[in-house]
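Notes follow the structure.
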Amino acid sequence: MNRITGATAVAGIVGRPVRHSMSPILHNAWLAAAGIDGVYVPFSPTPEGLPALIAGFRGGAIRGLNVTIPFKEAALAAADEATDRARKAGAANVLVFGEEGVIRADNTDGVGLIGAFAVQAPGCDLTAAPVVVLGAGGAAAGAVSALLDAGARVRLVNRTRAKADEIKARLGGAITVFDWAELKTANAGAGVLVNATSLGLDGKDPPLAALEGLPPTAVVMDMVYKPLRTGLLTAARAAGHPVVDGLEMLIRQAVPSFEAFFGQAPPADVDVRALAVAALGEQE
Ligand code: NAP
């Protein structure tokens, strides 16, 4: 447990529910290892209470907040300024509270996604073949934006097609939208599949059909990290696909968040992944 002093820098995460968030484990471990007088705490306001919470921190009462489901879109709307990547994602997972009263929004989920590939599938060239993205919520929008920036061609597949069409209209670029029923067609010749839906969360209903028609060499990434080995990743591994997991993405998005809150990179010599895996009650 970090020791609290009168000079302790405070940051946190806001979400509902937030109880099972891994972010406090990551950030507090980094704070302790870096010897920073700081603490990272969870907040879980009602949707009606969120604007008051954000307004109450204006003026530097807190260094910053990570934002998770269901508040990412509202957080972007509440900010005074936003980075390009937050605007493109239509969602913020980071709010930084300046002393001068300005609230700045960012979205580091895309950095997290690309970083997770760099760690767990370093040989994967995201530009070599189309990338299939399943989903069109906030996570998918951030992923598509980062993938386009990385030079990828994206095939976007969502149950509600209109939401995928909206992302394409907003981001432009190399996006082809497919109906949910056309998943197998979307997978033909793809180099990567990313599950950015909530399917498979808590072990329920993994989107196993997503593997149909996927070339055996394609890398399969699942943003869901509870369980760590989702049904999709287990089936993908069994079929010989290289895989990238959602926990690595979570860790990679937390790195720039920590820098934004505490002004320095997190120390490299603490194995936060092992801490998170243990907190999830899992084993590698
Ligand atoms: P969201 O905005 O609520 O979007 C949910 C998506 O899942 C939508 O595309 C929705 O399709 C789809 N979906 C839900 N139930 C479905 C079903 N039964 N069949 C087909 N599609 C279904 O959520 P989000 O913020 O984008 O997050 C998506 C997932 O990514 C969550 O599990 C979240 O925890 C995870 N995530 C992980 C990280 C990480 O760092 N690892 C970061 C961000 C998010 P419709 O549009 O048709 O409703």
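Residues in the structure tokens are named by chain (A, B, ... in the order shown) and by number from 1 within that chain; ligands are numbered from 1 in the order shown.
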Going by DSSP on the backbone, which bits of stretch 46-208 of chain A are strand (DSSP E)? Write them as a PDB file with C-alpha atoms, in the first residue's frame, please.
```
ATOM      1  CA  GLY A  64      -5.861  12.806 -14.199  1.00  0.00           C
ATOM      2  CA  LEU A  65      -8.356  10.052 -14.758  1.00  0.00           C
ATOM      3  CA  ASN A  66      -8.459   6.969 -16.882  1.00  0.00           C
ATOM      4  CA  VAL A  67     -11.946   6.372 -18.176  1.00  0.00           C
ATOM      5  CA  GLU A  81      -9.456  20.053 -25.478  1.00  0.00           C
ATOM      6  CA  ALA A  82      -8.898  16.697 -27.150  1.00  0.00           C
ATOM      7  CA  VAL A  94      -7.584   9.645 -20.441  1.00  0.00           C
ATOM      8  CA  LEU A  95      -8.485  13.029 -18.925  1.00  0.00           C
ATOM      9  CA  VAL A  96      -5.666  15.275 -17.708  1.00  0.00           C
ATOM     10  CA  PHE A  97      -6.624  18.089 -15.311  1.00  0.00           C
ATOM     11  CA  ILE A 103      -9.339  19.428 -18.991  1.00  0.00           C
ATOM     12  CA  ARG A 104      -7.570  17.605 -21.837  1.00  0.00           C
ATOM     13  CA  ALA A 105      -8.849  14.341 -23.331  1.00  0.00           C
ATOM     14  CA  ASP A 106      -6.736  11.679 -24.980  1.00  0.00           C
ATOM     15  CA  VAL A 131      -7.040  -6.432 -40.764  1.00  0.00           C
ATOM     16  CA  VAL A 132     -10.544  -7.595 -39.800  1.00  0.00           C
ATOM     17  CA  VAL A 133     -11.994  -5.646 -36.876  1.00  0.00           C
ATOM     18  CA  LEU A 134     -15.082  -7.077 -35.199  1.00  0.00           C
ATOM     19  CA  VAL A 154      -9.358  -2.426 -42.339  1.00  0.00           C
ATOM     20  CA  ARG A 155     -12.384  -4.663 -42.876  1.00  0.00           C
ATOM     21  CA  LEU A 156     -14.973  -3.598 -40.331  1.00  0.00           C
ATOM     22  CA  VAL A 157     -17.689  -6.058 -39.281  1.00  0.00           C
ATOM     23  CA  ASN A 158     -20.412  -5.249 -36.754  1.00  0.00           C
ATOM     24  CA  ILE A 175     -12.082   0.870 -44.444  1.00  0.00           C
ATOM     25  CA  THR A 176     -14.443  -1.650 -46.026  1.00  0.00           C
ATOM     26  CA  VAL A 177     -17.633  -2.397 -44.078  1.00  0.00           C
ATOM     27  CA  PHE A 178     -19.102  -5.906 -44.089  1.00  0.00           C
ATOM     28  CA  ASP A 179     -22.392  -7.205 -42.695  1.00  0.00           C
ATOM     29  CA  VAL A 192      -5.109 -10.178 -38.578  1.00  0.00           C
ATOM     30  CA  LEU A 193      -8.431 -10.511 -36.761  1.00  0.00           C
ATOM     31  CA  VAL A 194      -9.213  -8.199 -33.830  1.00  0.00           C
ATOM     32  CA  ASN A 195     -12.208  -8.859 -31.574  1.00  0.00           C
TER      33      ASN A 195
END
```
Spatial neighbours of stretch 214-218 of chain A, max dist 6 Å, only C-alpha atoms, sep filter under 3 positions, as a ChimeraX atom specification | /A:187-188,191-192,211,241
Can I get the selection written as a compact mmCIF listing (two decimals), in the first residue's frame, with N, CA and C atoms?
```txt
# COMPACT_ATOMS: atom_id res chain seq x y z
N ASN A 187 -13.03 -12.41 -43.76
CA ASN A 187 -11.82 -13.07 -43.29
C ASN A 187 -10.91 -13.58 -44.41
N ALA A 188 -11.46 -13.75 -45.61
CA ALA A 188 -10.68 -14.32 -46.71
C ALA A 188 -9.45 -13.45 -46.99
N GLY A 191 -4.85 -10.83 -42.68
CA GLY A 191 -3.61 -11.12 -41.95
C GLY A 191 -3.80 -11.07 -40.45
N VAL A 192 -4.86 -10.38 -40.02
CA VAL A 192 -5.11 -10.18 -38.58
C VAL A 192 -6.61 -10.12 -38.35
N LEU A 211 -13.52 -17.11 -36.60
CA LEU A 211 -12.32 -17.78 -37.14
C LEU A 211 -12.59 -18.42 -38.50
N HIS A 241 -3.17 -20.42 -34.90
CA HIS A 241 -2.97 -18.98 -35.10
C HIS A 241 -2.08 -18.40 -34.00
```
Nearest to ligand 1 among A:Ala140, A:Ala169, A:Ala181, A:Ala186, with distances taken over only C-alpha atoms and all ligand atoms: which residue is it?
->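 Closest candidate: A:Ala140.
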Which residue of A:Lys184, A:Arg159, A:Arg87, A:His27 approaches A:Pro256 most closely, using only C-alpha atoms =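 Of the candidates, the smallest distance to A:Pro256 is held by A:His27.
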All residues having an atom within 7 Å of ligand 1 (only C-alpha atoms and all ligand atoms) as number ranges by chain | A: 69, 109, 112, 135-140, 158-160, 163, 196-199, 201, 223-225, 246-247, 249-250, 253
Tell me which of A:Ile62, A:Ile54, A:Ala190, A:Val144 sits closest to A:Gly173, counting only C-alpha atoms.
-> A:Val144
Leaving out A:Gly142 and any residue of its chain fewer than 5 positions from it, which residues lie within 9 Å of it when counting only C-alpha atoms, given as a list in words?
->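 Counting only the stated atoms, we get Arg85, Ala86, Lys88, Ala89, Gly90, Ala91, Asn107, Thr108, Asp109, Gly110, Gly137 and Leu147 of chain A.
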Counting only C-alpha atoms, which residues of stretch 19-91 of chain A sit at most 12 Å from some atom of stretch 277-280 of chain A, and what is each one's closest atom pair with its distance in Å to one decimal, listed by chain and rising residue number, as a Markdown table?
```
| residue | atom | partner | partner_atom | distance |
| --- | --- | --- | --- | --- |
| A:His20 | CA | A:Leu280 | CA | 8.6 |
| A:Ser21 | CA | A:Leu280 | CA | 9.7 |
| A:Met22 | CA | A:Ala279 | CA | 7.7 |
| A:Ser23 | CA | A:Ala279 | CA | 11.0 |
| A:Pro24 | CA | A:Ala279 | CA | 10.9 |
| A:Ile25 | CA | A:Ala279 | CA | 8.2 |
| A:Leu26 | CA | A:Ala279 | CA | 10.5 |
```
Between A:Val219, A:Val111, A:Ala79, A:Ala32, which is the closest to A:Ser145 once you count only C-alpha atoms?
->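 Among the listed residues, A:Val111 lies closest to A:Ser145.
Close contacts of A:Gly6, defined as residues with an atom at most 12 Å away when counting only C-alpha atoms, with chain neighbours fewer than 6 positions off set aside, comprise Asp37, Gly38 and Val39 of chain A.
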Judged by only C-alpha atoms, the minimum distance to A:Val10 among A:Ala235, A:Leu228, A:Glu282, A:Phe262 is found for A:Phe262
How many Å lie between atom CA of A:Val14 and atom CA of A:Phe43, rounded to one decimal?
->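 Those two atoms sit 4.7 Å apart.
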Hey, which of A:Ala254, A:Leu183, A:Ala152, A:Ala121 ends up closest to A:Pro242? Count only C-alpha atoms.
->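 Closest to A:Pro242, using only C-alpha atoms: A:Ala121.
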Could you tell me how far atom CA of A:Arg252 lies from atom CA of A:Ala116, in Å and to one decimal?
->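 It comes out at 6.4 Å.
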